[in-house]
$ cat structure_37.csv   # CSV, C-alpha atoms
chain,number,residue,atom,x,y,z
L,124,MET,CA,0.0,0.0,0.0
L,125,SER,CA,1.4,3.4,-0.9
L,126,PHE,CA,2.0,6.2,1.6
L,127,SER,CA,-0.8,8.3,0.1
L,128,ARG,CA,-3.3,5.5,0.2
L,129,SER,CA,-2.3,4.7,3.8
L,130,VAL,CA,-2.9,8.3,4.8
L,131,THR,CA,-6.2,8.4,3.1
L,132,PHE,CA,-7.3,5.1,4.7
L,133,ARG,CA,-6.2,6.5,8.1
L,134,ALA,CA,-8.2,9.7,7.6
L,135,LEU,CA,-11.3,7.8,6.5
L,136,PHE,CA,-10.9,5.5,9.5
L,137,LEU,CA,-10.6,8.4,12.0
L,138,GLY,CA,-13.4,10.2,10.4
L,139,ALA,CA,-15.7,7.1,10.7
L,140,VAL,CA,-14.7,6.7,14.3
L,141,ALA,CA,-15.5,10.4,15.0
L,142,THR,CA,-18.8,10.2,13.3
L,143,SER,CA,-19.7,7.0,15.1
L,144,THR,CA,-18.7,8.6,18.5
L,145,LEU,CA,-20.8,11.7,17.7
L,146,MET,CA,-23.8,9.6,16.7
L,147,ALA,CA,-23.5,7.5,19.8
L,148,SER,CA,-23.3,10.7,22.0
L,149,VAL,CA,-26.4,12.2,20.3
L,150,SER,CA,-28.2,8.9,20.7
L,151,MET,CA,-27.3,8.7,24.4
L,152,ALA,CA,-28.4,12.4,24.9
L,153,ARG,CA,-31.7,11.6,23.3
L,154,ALA,CA,-32.1,8.5,25.4
L,155,ASP,CA,-31.3,10.5,28.6
L,156,GLN,CA,-33.8,13.2,27.6
L,157,ALA,CA,-36.5,10.7,26.8
L,158,GLY,CA,-35.8,9.1,30.2
L,159,ASP,CA,-35.9,12.4,32.0
L,160,GLU,CA,-39.2,13.3,30.3
L,161,GLN,CA,-40.8,10.0,31.4
L,162,THR,CA,-39.6,10.7,35.0
L,163,ILE,CA,-40.9,14.2,35.0
L,164,ARG,CA,-44.3,13.2,33.7
L,165,LYS,CA,-44.5,10.3,36.2
L,166,GLU,CA,-43.5,12.5,39.2
L,167,LEU,CA,-45.7,15.4,38.3
L,168,ALA,CA,-48.7,13.1,37.7
L,169,GLN,CA,-48.2,11.9,41.3
L,170,SER,CA,-47.5,15.2,43.0
L,171,MET,CA,-49.6,17.5,40.8
L,172,ALA,CA,-52.3,15.3,39.3
L,173,GLN,CA,-54.5,18.3,38.4
L,174,LEU,CA,-51.7,19.8,36.2
L,175,PRO,CA,-52.0,18.6,32.5
L,176,ILE,CA,-48.7,18.5,30.8
L,177,ASP,CA,-48.9,19.5,27.2
L,178,SER,CA,-45.2,19.3,26.5
L,179,VAL,CA,-41.8,18.7,28.0
L,180,ALA,CA,-38.7,20.2,26.4
L,181,SER,CA,-35.0,20.6,27.3
L,182,THR,CA,-33.5,24.0,28.0
L,183,PRO,CA,-30.0,25.4,27.6
L,184,ILE,CA,-29.4,24.5,31.3
L,185,LYS,CA,-28.4,20.9,31.9
L,186,GLY,CA,-30.9,19.1,34.1
L,187,ILE,CA,-33.6,21.8,33.8
L,188,TYR,CA,-36.6,21.1,31.6
L,189,GLN,CA,-39.4,23.4,30.3
L,190,ILE,CA,-43.0,22.3,30.7
L,191,VAL,CA,-46.1,23.8,29.1
L,192,SER,CA,-49.5,23.4,30.6
L,193,LYS,CA,-52.5,25.1,29.0
L,194,GLY,CA,-50.3,27.9,27.7
L,195,GLN,CA,-48.5,28.4,31.0
L,196,ILE,CA,-44.8,27.8,31.2
L,197,ALA,CA,-42.7,26.5,34.1
L,198,TYR,CA,-39.4,24.7,34.7
L,199,VAL,CA,-38.7,21.5,36.5
L,200,THR,CA,-35.6,19.5,37.4
L,201,ALA,CA,-34.9,16.2,35.6
L,202,ASP,CA,-36.0,14.2,38.7
L,203,GLY,CA,-39.4,16.0,38.8
L,204,ARG,CA,-38.8,17.1,42.3
L,205,TYR,CA,-38.4,20.8,42.0
L,206,LEU,CA,-40.6,23.1,39.9
L,207,PHE,CA,-40.4,26.8,39.5
L,208,ALA,CA,-42.2,29.5,37.4
L,209,GLY,CA,-40.7,32.6,36.0
L,210,ASN,CA,-38.7,34.0,33.1
L,211,LEU,CA,-35.6,32.2,31.9
L,212,LEU,CA,-33.2,34.9,30.7
L,213,ASP,CA,-30.2,34.5,28.4
L,214,LEU,CA,-28.1,37.4,29.9
L,215,LYS,CA,-25.3,37.1,27.3
L,216,ASN,CA,-27.6,37.5,24.3
L,217,GLN,CA,-30.2,39.6,26.2
L,218,VAL,CA,-33.1,37.3,25.3
L,219,ASN,CA,-36.1,36.3,27.3
L,220,LEU,CA,-36.3,32.6,26.4
L,221,THR,CA,-39.6,32.1,28.2
L,222,GLU,CA,-41.3,35.0,26.4
L,223,LYS,CA,-40.2,33.6,23.0
L,224,VAL,CA,-41.9,30.3,23.9
L,225,ARG,CA,-45.0,32.2,25.0
L,226,ASP,CA,-45.1,33.9,21.7
L,227,GLN,CA,-44.9,30.6,19.9
L,228,GLU,CA,-47.7,29.2,22.1
L,229,ARG,CA,-49.9,32.2,21.3
L,230,VAL,CA,-49.4,31.7,17.5
L,231,ALA,CA,-50.3,28.0,17.9
L,232,LEU,CA,-53.4,28.7,20.1
L,233,LEU,CA,-54.8,31.3,17.7
L,234,LYS,CA,-54.6,28.8,14.8
L,235,THR,CA,-57.1,26.6,16.8
L,236,VAL,CA,-59.7,29.4,17.1
L,237,PRO,CA,-62.6,28.8,14.7
L,238,ALA,CA,-63.4,31.6,12.3
L,239,ASP,CA,-66.9,32.0,13.6
L,240,HIS,CA,-65.5,32.9,17.0
L,241,LYS,CA,-64.0,36.1,15.5
L,242,VAL,CA,-65.2,39.3,14.1
L,243,ILE,CA,-62.9,39.9,11.1
L,244,PHE,CA,-62.2,43.3,9.5
L,245,ALA,CA,-60.7,42.6,6.1
L,246,ALA,CA,-57.6,44.5,4.9
L,247,ASP,CA,-58.1,47.0,2.1
L,248,GLY,CA,-56.3,45.7,-1.0
L,249,ALA,CA,-53.4,43.4,-0.6
L,250,LYS,CA,-53.0,42.0,2.9
L,251,LYS,CA,-49.7,43.0,4.5
L,252,GLY,CA,-50.3,41.6,7.9
L,253,THR,CA,-52.8,40.4,10.5
L,254,VAL,CA,-53.4,41.5,14.1
L,255,THR,CA,-55.6,39.9,16.7
L,256,ILE,CA,-57.3,42.0,19.3
L,257,LEU,CA,-59.0,40.6,22.4
L,258,THR,CA,-61.7,43.1,23.2
L,259,ASP,CA,-64.7,44.0,25.3
L,260,PRO,CA,-67.6,46.2,24.1
L,261,THR,CA,-67.8,47.9,27.5
L,262,CYS,CA,-64.1,48.7,27.8
L,263,PRO,CA,-63.3,52.4,27.1
L,264,PHE,CA,-59.8,51.8,25.7
L,265,CYS,CA,-61.3,49.0,23.5
L,266,GLU,CA,-63.7,51.5,22.0
L,267,LYS,CA,-60.8,53.9,21.4
L,268,LEU,CA,-58.8,51.2,19.6
L,269,HIS,CA,-61.8,50.0,17.7
L,270,ARG,CA,-62.1,53.5,16.2
L,271,GLU,CA,-58.7,53.1,14.7
L,272,ILE,CA,-59.5,49.8,12.9
L,273,PRO,CA,-60.2,51.6,9.6
L,274,GLN,CA,-56.7,53.0,9.6
L,275,LEU,CA,-55.3,49.6,10.1
L,276,GLN,CA,-57.4,48.3,7.2
L,277,LYS,CA,-56.3,51.1,4.9
L,278,ALA,CA,-52.7,50.1,5.7
L,279,GLY,CA,-53.4,46.5,4.5
L,280,ILE,CA,-53.9,44.9,7.9
L,281,GLU,CA,-56.6,42.4,8.6
L,282,VAL,CA,-58.0,42.8,12.1
L,283,GLN,CA,-59.3,39.8,13.9
L,284,THR,CA,-61.2,40.7,17.0
L,285,ILE,CA,-62.2,38.1,19.7
L,286,LEU,CA,-64.7,39.2,22.3
L,287,THR,CA,-63.4,38.5,25.8
L,288,PRO,CA,-65.5,40.3,28.4
L,289,ARG,CA,-63.2,41.5,31.2
L,290,ALA,CA,-65.8,41.3,34.0
L,291,GLY,CA,-66.6,37.7,33.3
L,292,LYS,CA,-69.8,35.7,32.9
L,293,ASP,CA,-73.1,37.4,33.1
L,294,SER,CA,-71.6,40.9,33.1
L,295,PRO,CA,-72.9,43.6,30.7
L,296,GLY,CA,-69.9,43.0,28.4
L,297,TYR,CA,-70.6,39.2,28.4
L,298,VAL,CA,-74.2,39.7,27.4
L,299,GLU,CA,-73.3,42.2,24.7
L,300,SER,CA,-70.6,40.0,23.4
L,301,SER,CA,-73.0,37.1,23.1
L,302,GLN,CA,-75.5,39.4,21.3
L,303,ILE,CA,-72.9,40.5,18.8
L,304,MET,CA,-71.8,37.0,18.0
L,305,CYS,CA,-75.4,35.9,17.7
L,306,SER,CA,-76.2,38.6,15.1
L,307,LYS,CA,-76.3,38.1,11.4
L,308,ASP,CA,-73.9,41.0,10.8
L,309,LYS,CA,-71.2,40.7,13.4
L,310,VAL,CA,-69.2,43.7,12.1
L,311,LYS,CA,-72.2,45.9,12.4
L,312,GLY,CA,-73.0,44.5,15.8
L,313,ILE,CA,-69.6,45.2,17.3
L,314,ASP,CA,-69.6,48.7,15.6
L,315,ILE,CA,-72.9,49.5,17.3
L,316,ALA,CA,-71.8,48.2,20.7
L,317,MET,CA,-68.5,50.1,20.5
L,318,ALA,CA,-70.4,53.3,19.8
L,319,ARG,CA,-72.3,52.8,23.0
L,320,GLN,CA,-75.5,52.2,21.2
L,321,PRO,CA,-78.0,49.6,22.5
L,322,LEU,CA,-78.0,46.2,20.8
L,323,SER,CA,-81.1,44.3,19.9
L,324,GLY,CA,-81.4,40.6,19.4
L,325,ASP,CA,-80.8,37.5,21.4
L,326,ALA,CA,-77.7,36.6,23.3
L,327,CYS,CA,-77.4,33.0,22.0
L,328,LYS,CA,-73.7,32.5,22.0
L,329,ASP,CA,-72.8,32.2,25.6
L,330,SER,CA,-70.9,28.9,25.1
L,331,MET,CA,-68.8,30.7,22.5
L,332,ILE,CA,-68.0,33.6,24.8
L,333,ASP,CA,-67.1,31.1,27.5
L,334,ALA,CA,-64.6,29.4,25.1
L,335,ASN,CA,-63.2,32.9,24.2
L,336,MET,CA,-62.6,33.7,27.9
L,337,ALA,CA,-60.8,30.3,28.4
L,338,LEU,CA,-58.7,31.1,25.4
L,339,ALA,CA,-57.9,34.6,26.8
L,340,GLU,CA,-56.6,33.0,30.0
L,341,GLN,CA,-54.3,30.6,28.0
L,342,LEU,CA,-53.1,33.6,25.9
L,343,GLY,CA,-52.1,35.4,29.1
L,344,MET,CA,-54.5,38.3,28.8
L,345,SER,CA,-54.1,40.7,31.6
L,346,GLY,CA,-56.8,43.1,30.6
L,347,THR,CA,-58.5,44.5,27.5
L,348,PRO,CA,-57.7,45.5,24.9
L,349,TYR,CA,-55.0,42.8,24.4
L,350,ILE,CA,-53.2,43.0,21.1
L,351,ILE,CA,-51.4,40.0,19.7
L,352,LEU,CA,-48.9,40.7,16.9
L,353,PRO,CA,-48.2,38.3,14.0
L,354,ASP,CA,-45.2,36.8,15.8
L,355,GLY,CA,-47.3,36.0,18.8
L,356,SER,CA,-45.9,38.8,21.0
L,357,ALA,CA,-48.5,40.5,23.1
L,358,VAL,CA,-49.1,44.2,23.7
L,359,PRO,CA,-51.4,44.9,26.7
L,360,GLY,CA,-53.6,48.0,26.5
L,361,TYR,CA,-54.3,50.6,23.9
L,362,ARG,CA,-51.8,51.5,21.2
L,363,PRO,CA,-52.5,54.0,18.3
L,364,ALA,CA,-52.7,52.7,14.8
L,365,SER,CA,-49.7,54.8,13.8
L,366,MET,CA,-47.6,52.8,16.3
L,367,LEU,CA,-49.0,49.4,15.3
L,368,ILE,CA,-48.9,49.7,11.5
L,369,PRO,CA,-45.1,49.6,11.1
L,370,VAL,CA,-44.7,46.8,13.5
L,371,ILE,CA,-47.4,44.6,11.9
L,372,THR,CA,-46.3,45.2,8.3
L,373,GLY,CA,-42.6,44.8,9.1
L,374,GLN,CA,-41.7,48.3,8.0
L,375,THR,CA,-39.6,48.8,11.1
L,376,ALA,CA,-37.2,46.0,10.0
L,377,SER,CA,-36.0,48.0,7.1
L,378,GLN,CA,-35.5,51.2,9.1
$ encode --input "structure_37.csv" --output "structure tokens"
Amino acid sequence: MSFSRSVTFRALFLGAVATSTLMASVSMARADQAGDEQTIRKELAQSMAQLPIDSVASTPIKGIYQIVSKGQIAYVTADGRYLFAGNLLDLKNQVNLTEKVRDQERVALLKTVPADHKVIFAADGAKKGTVTILTDPTCPFCEKLHREIPQLQKAGIEVQTILTPRAGKDSPGYVESSQIMCSKDKVKGIDIAMARQPLSGDACKDSMIDANMALAEQLGMSGTPYIILPDGSAVPGYRPASMLIPVITGQTASQ
């Protein structure tokens, strides 16, 4: 065998060993993670049986796992013994890792909302973006934001509103929300309510409003209005259309 062939064979052999070692390490890591997940689910099922676990995922911290339960995020040790809630911050990169996951969860949740649970204001012309607003017809700042929807539409933004009465079941906002969603023309109904005009018609969509309120809790709504941007990030409270338009359409990225 020539020297060059010997070197080539040796390089191939070492490369194969390195690849095999890497694959073995990855396989062991996956096996460890799978084992930890089983342990976590088992331990939490015993200690917190009322807590449904939607997902378990690793974090950048060895031995610490992220769990998601009905849109809520917490962290747990690999043995399932210690659990804590709060934000996981990457200080080096200045990133809130927990909030990034919350954003992803909001996007996923909104995809599950049936179209008939929303009042949709179509964009004028080509659609440049979509914003979701959790709103209440008895909320003054919701009314103020509602008056700016035409500006958002003119900017090519589709506005999807979801009625989520802040005062809960059987409140005036709850009844009006049910009336709006029961009406044949939901856009007209919400316009009337937001103008503080009396609504006519039955309140026949209580179960829908109940589902909307459950959704609001999962989305982390802290009050109305609650604005959810295309990337899933949430903006509590009123914001003028002039502030929202560049963010929703992505114009800020080029500035």
$ residues_near_point --input "structure_37.csv" --point "(-63.4, 32.9, 23.3)" --cutoff "12 Å" --atoms "only C-alpha atoms" --output "NGL selection string"
:L and (232-233 or 235-242 or 256-259 or 284-289 or 291-292 or 297 or 300-301 or 304 or 328-342 or 344)
$ atom_distance --input "structure_37.csv" --atom1 "CA of Asp293 in chain L" --atom2 "CA of Lys311 in chain L"
22.4 Å
$ residues_near_point --input "structure_37.csv" --point "(-48.5, 16.3, 28.6)" --cutoff "8 Å" --atoms "only C-alpha atoms" --output "list in words"
Arg164, Pro175, Ile176, Asp177, Ser178, Val179, Val191 and Ser192 of chain L
$ closest_residue --input "structure_37.csv" --among "L:Lys234, L:Lys215, L:Arg204, L:Lys250" --to "Ile187 in chain L" --atoms "only C-alpha atoms"
L:Arg204
$ residues_around --input "structure_37.csv" --residues "Gln274 in chain L" --least-positions-apart "6" --cutoff "10 Å" --atoms "all atoms listed in the file" --output "NGL selection string"
:L and (246-247 or 280 or 363-365 or 368)
$ atom_distance --input "structure_37.csv" --atom1 "CA of Gly355 in chain L" --atom2 "CA of Val224 in chain L"
9.4 Å
$ residues_around --input "structure_37.csv" --residues "Gln156 in chain L" --least-positions-apart "4" --cutoff "12 Å" --atoms "all atoms listed in the file" --output "ChimeraX atom specification"
/L:149-152,160-163,179-182,185-189,200-202
$ closest_residue --input "structure_37.csv" --among "L:Leu275, L:Leu268, L:Ala208, L:Leu167" --to "Thr347 in chain L" --atoms "all atoms listed in the file"
L:Leu268
$ closest_residue --input "structure_37.csv" --among "L:Asp354, L:Asp308, L:Asp213, L:Asp159" --to "Ile184 in chain L" --atoms "only C-alpha atoms"
L:Asp213
$ closest_residue --input "structure_37.csv" --among "L:Ala157, L:Cys265, L:Ala231, L:Leu212" --to "Tyr349 in chain L" --atoms "all atoms listed in the file"
L:Cys265
$ atom_distance --input "structure_37.csv" --atom1 "CA of Met171 in chain L" --atom2 "CA of Gly194 in chain L"
16.7 Å
$ closest_residue --input "structure_37.csv" --among "L:Gly203, L:Glu299, L:Met317, L:Gln374" --to "Gln169 in chain L" --atoms "only C-alpha atoms"
L:Gly203
$ axis_aligned_box --input "structure_37.csv" --around "range 284-292 of chain L" --padding-each-side "8 Å" --output "lines of an AutoDock Vina configuration file"
center_x = -65.5
center_y = 38.6
center_z = 25.5
size_x = 24.6
size_y = 21.8
size_z = 33.0
$ closest_residue --input "structure_37.csv" --among "L:Leu174, L:Met366, L:Ser356, L:Arg319" --to "Lys223 in chain L" --atoms "all atoms listed in the file"
L:Ser356
$ build_atoms --input "structure_37.csv" --residues "range 219-237 of chain L" --atoms "N, CA, C and O atoms" --output "PDB file, keeping the file's coordinate frame"
ATOM      1  N   ASN L 219     -35.185  36.951  26.398  1.00  0.00           N
ATOM      2  CA  ASN L 219     -36.100  36.300  27.300  1.00  0.00           C
ATOM      3  C   ASN L 219     -36.593  35.026  26.668  1.00  0.00           C
ATOM      4  O   ASN L 219     -37.485  35.045  25.820  1.00  0.00           O
ATOM      5  N   LEU L 220     -35.994  33.903  27.019  1.00  0.00           N
ATOM      6  CA  LEU L 220     -36.300  32.600  26.400  1.00  0.00           C
ATOM      7  C   LEU L 220     -37.732  32.187  26.665  1.00  0.00           C
ATOM      8  O   LEU L 220     -38.386  31.579  25.816  1.00  0.00           O
ATOM      9  N   THR L 221     -38.220  32.511  27.862  1.00  0.00           N
ATOM     10  CA  THR L 221     -39.600  32.100  28.200  1.00  0.00           C
ATOM     11  C   THR L 221     -40.597  32.874  27.375  1.00  0.00           C
ATOM     12  O   THR L 221     -41.572  32.301  26.885  1.00  0.00           O
ATOM     13  N   GLU L 222     -40.362  34.164  27.162  1.00  0.00           N
ATOM     14  CA  GLU L 222     -41.300  35.000  26.400  1.00  0.00           C
ATOM     15  C   GLU L 222     -41.323  34.506  24.926  1.00  0.00           C
ATOM     16  O   GLU L 222     -42.374  34.543  24.272  1.00  0.00           O
ATOM     17  N   LYS L 223     -40.194  34.060  24.411  1.00  0.00           N
ATOM     18  CA  LYS L 223     -40.200  33.600  23.000  1.00  0.00           C
ATOM     19  C   LYS L 223     -41.050  32.323  22.910  1.00  0.00           C
ATOM     20  O   LYS L 223     -41.757  32.160  21.911  1.00  0.00           O
ATOM     21  N   VAL L 224     -41.032  31.466  23.928  1.00  0.00           N
ATOM     22  CA  VAL L 224     -41.900  30.300  23.900  1.00  0.00           C
ATOM     23  C   VAL L 224     -43.356  30.707  24.042  1.00  0.00           C
ATOM     24  O   VAL L 224     -44.234  30.157  23.366  1.00  0.00           O
ATOM     25  N   ARG L 225     -43.634  31.691  24.891  1.00  0.00           N
ATOM     26  CA  ARG L 225     -45.000  32.200  25.000  1.00  0.00           C
ATOM     27  C   ARG L 225     -45.527  32.704  23.685  1.00  0.00           C
ATOM     28  O   ARG L 225     -46.674  32.471  23.321  1.00  0.00           O
ATOM     29  N   ASP L 226     -44.672  33.413  22.965  1.00  0.00           N
ATOM     30  CA  ASP L 226     -45.100  33.900  21.700  1.00  0.00           C
ATOM     31  C   ASP L 226     -45.452  32.776  20.719  1.00  0.00           C
ATOM     32  O   ASP L 226     -46.473  32.826  20.027  1.00  0.00           O
ATOM     33  N   GLN L 227     -44.635  31.737  20.710  1.00  0.00           N
ATOM     34  CA  GLN L 227     -44.900  30.600  19.900  1.00  0.00           C
ATOM     35  C   GLN L 227     -46.212  29.892  20.268  1.00  0.00           C
ATOM     36  O   GLN L 227     -46.989  29.445  19.416  1.00  0.00           O
ATOM     37  N   GLU L 228     -46.445  29.824  21.580  1.00  0.00           N
ATOM     38  CA  GLU L 228     -47.700  29.200  22.100  1.00  0.00           C
ATOM     39  C   GLU L 228     -48.899  30.016  21.664  1.00  0.00           C
ATOM     40  O   GLU L 228     -49.934  29.445  21.306  1.00  0.00           O
ATOM     41  N   ARG L 229     -48.792  31.336  21.702  1.00  0.00           N
ATOM     42  CA  ARG L 229     -49.900  32.200  21.300  1.00  0.00           C
ATOM     43  C   ARG L 229     -50.249  31.963  19.812  1.00  0.00           C
ATOM     44  O   ARG L 229     -51.420  31.859  19.440  1.00  0.00           O
ATOM     45  N   VAL L 230     -49.227  31.925  18.981  1.00  0.00           N
ATOM     46  CA  VAL L 230     -49.400  31.700  17.500  1.00  0.00           C
ATOM     47  C   VAL L 230     -50.157  30.362  17.332  1.00  0.00           C
ATOM     48  O   VAL L 230     -51.120  30.274  16.561  1.00  0.00           O
ATOM     49  N   ALA L 231     -49.698  29.329  18.029  1.00  0.00           N
ATOM     50  CA  ALA L 231     -50.300  28.000  17.900  1.00  0.00           C
ATOM     51  C   ALA L 231     -51.748  27.993  18.380  1.00  0.00           C
ATOM     52  O   ALA L 231     -52.631  27.393  17.750  1.00  0.00           O
ATOM     53  N   LEU L 232     -51.997  28.661  19.494  1.00  0.00           N
ATOM     54  CA  LEU L 232     -53.400  28.700  20.100  1.00  0.00           C
ATOM     55  C   LEU L 232     -54.318  29.432  19.122  1.00  0.00           C
ATOM     56  O   LEU L 232     -55.455  28.988  18.910  1.00  0.00           O
ATOM     57  N   LEU L 233     -53.872  30.553  18.566  1.00  0.00           N
ATOM     58  CA  LEU L 233     -54.800  31.300  17.700  1.00  0.00           C
ATOM     59  C   LEU L 233     -55.132  30.545  16.442  1.00  0.00           C
ATOM     60  O   LEU L 233     -56.211  30.758  15.876  1.00  0.00           O
ATOM     61  N   LYS L 234     -54.275  29.639  16.014  1.00  0.00           N
ATOM     62  CA  LYS L 234     -54.600  28.800  14.800  1.00  0.00           C
ATOM     63  C   LYS L 234     -55.726  27.847  15.122  1.00  0.00           C
ATOM     64  O   LYS L 234     -56.351  27.344  14.190  1.00  0.00           O
ATOM     65  N   THR L 235     -56.006  27.583  16.397  1.00  0.00           N
ATOM     66  CA  THR L 235     -57.100  26.600  16.800  1.00  0.00           C
ATOM     67  C   THR L 235     -58.426  27.327  16.909  1.00  0.00           C
ATOM     68  O   THR L 235     -59.432  26.646  17.094  1.00  0.00           O
ATOM     69  N   VAL L 236     -58.441  28.660  16.862  1.00  0.00           N
ATOM     70  CA  VAL L 236     -59.700  29.400  17.100  1.00  0.00           C
ATOM     71  C   VAL L 236     -60.549  29.333  15.804  1.00  0.00           C
ATOM     72  O   VAL L 236     -60.104  29.763  14.732  1.00  0.00           O
ATOM     73  N   PRO L 237     -61.775  28.825  15.880  1.00  0.00           N
ATOM     74  CA  PRO L 237     -62.600  28.800  14.700  1.00  0.00           C
ATOM     75  C   PRO L 237     -62.948  30.172  14.173  1.00  0.00           C
ATOM     76  O   PRO L 237     -63.036  31.134  14.947  1.00  0.00           O
TER      77      PRO L 237
END
